[in-house]
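Report on one structure; see the data block that follows.
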Amino acid sequence: MRSILFAILVGVVGAAGLHILIILAVPYFTGNDAYTRIGDLGEPLRFYPLPNGAASRGGLVNDDPGLRVAACAFSVADAPVRLYAPAGVPFWSVGVFDSSANEVFSMNDRTAVAGALDVVVATPIQLNAIRKALPAALAQSILVEMPVDEGYAVLRTFVPTATMDEAARAFLGDAGCEAIDESTIE
């Protein structure tokens, strides 16, 4: 009798674990993961503002009226990527994620040099090359090691009042997500 109860208990726990695993894996297998959706916004290496309220082409939406959000998909397979934006808004934050939505790096304007965003995302080998011959243009940049080749960045800025909305949109419009020419590094 005990062995039957034990077998039933193991079966129920195993089935529950399998169902949880399947539910968590569905976005990856259906192409509805964050990386794929951000890639659907348009060409990589460009910040795309997410609309407030209505869904974008990739099905992404910014549901917080106090924030303006932009996202950029990128690959560091061929060259490092530089994320930049000027200072000038009350608050901003950036998160860098790998293609599986694992956070690799995050920061905000309080930890940035002079309040401006200047981050270089690269593979370990690319970072070695950058560190050996650090170009003057990257002297103030924060260097981030990317564990995989593909990822995305999410840039957010706070809009405390309606009068700050134009400045927030301009901040996101001036933000850059572009490949670095490796010939300038070597």
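Residues in the structure tokens are numbered from 1 in each chain, the chains being A, B, ... in the order shown, and ligands are numbered from 1 in the order shown.
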
Shell around Gly176 of chain A at 7 Å using only C-alpha atoms, local window under 6 positions removed, as a PyMOL selection string | chain A and resi 46-47+83-85

Requested write-out: N, CA, C and O atoms of the selected residues, as a compact mmCIF listing (two decimals), in the first residue's frame:
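After the write, selection-v8.txt holds the following:
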# COMPACT_ATOMS: atom_id res chain seq x y z
N ARG A 46 19.09 49.90 -33.12
CA ARG A 46 18.35 51.16 -33.10
C ARG A 46 17.35 51.09 -31.95
O ARG A 46 16.67 50.08 -31.77
N PHE A 47 17.29 52.16 -31.15
CA PHE A 47 16.29 52.21 -30.09
C PHE A 47 14.93 52.54 -30.69
O PHE A 47 14.78 53.50 -31.44
N LEU A 83 26.00 51.83 -26.37
CA LEU A 83 24.72 52.42 -26.00
C LEU A 83 25.02 53.79 -25.42
O LEU A 83 25.85 53.91 -24.50
N TYR A 84 24.37 54.82 -25.93
CA TYR A 84 24.65 56.16 -25.42
C TYR A 84 23.39 57.01 -25.46
O TYR A 84 22.47 56.78 -26.25
N ALA A 85 23.36 58.00 -24.58
CA ALA A 85 22.29 58.99 -24.53
C ALA A 85 22.81 60.16 -23.70
O ALA A 85 23.57 59.96 -22.75

Quick one: distance from atom CA of Leu60 of chain A to atom CA of Glu43 of chain A in Å, one decimal?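 Computing it gives 15.6 Å between the two atoms.
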
With the cut-off set at 10 Å and counting only C-alpha atoms, tabulate each residue of segment 80-115 of chain A with an atom at most that distance from an atom of segment 129-152 of chain A, showing the nearest atom pair and its distance in Å to one decimal, ordered by chain and increasing number, as a Markdown table.
| residue | atom | partner | partner_atom | distance |
| --- | --- | --- | --- | --- |
| A:Pro80 | CA | A:Ile130 | CA | 9.3 |
| A:Val81 | CA | A:Val144 | CA | 9.8 |
| A:Arg82 | CA | A:Ser141 | CA | 8.7 |
| A:Leu83 | CA | A:Ser141 | CA | 9.3 |
| A:Tyr84 | CA | A:Ser141 | CA | 9.1 |
| A:Gly95 | CA | A:Tyr152 | CA | 8.4 |
| A:Val96 | CA | A:Tyr152 | CA | 5.9 |
| A:Phe97 | CA | A:Tyr152 | CA | 5.4 |
| A:Asp98 | CA | A:Gly151 | CA | 4.0 |
| A:Ser99 | CA | A:Gly151 | CA | 4.4 |
| A:Ser100 | CA | A:Gly151 | CA | 7.9 |
| A:Ala101 | CA | A:Gly151 | CA | 7.9 |
| A:Asn102 | CA | A:Gly151 | CA | 9.2 |
| A:Glu103 | CA | A:Gly151 | CA | 9.6 |
| A:Val104 | CA | A:Met146 | CA | 7.0 |
| A:Phe105 | CA | A:Val144 | CA | 7.1 |
| A:Ser106 | CA | A:Val144 | CA | 9.8 |
| A:Ala112 | CA | A:Ile142 | CA | 8.5 |
| A:Val113 | CA | A:Gln140 | CA | 7.2 |
| A:Ala114 | CA | A:Gln140 | CA | 9.9 |

I need the residues in chain A that are strand (DSSP E or B) according to DSSP; give them as a ChimeraX atom specification.
/A:48-50,52,62,67-75,81-85,92-98,103-108,117-122,142-145,150-158,176-179

Note to self: I need the residues in segment 1-95 of chain A that are alpha helix (DSSP H) according to DSSP; give them as number ranges by chain.
What the structure shows: A: 2-30, 34-39
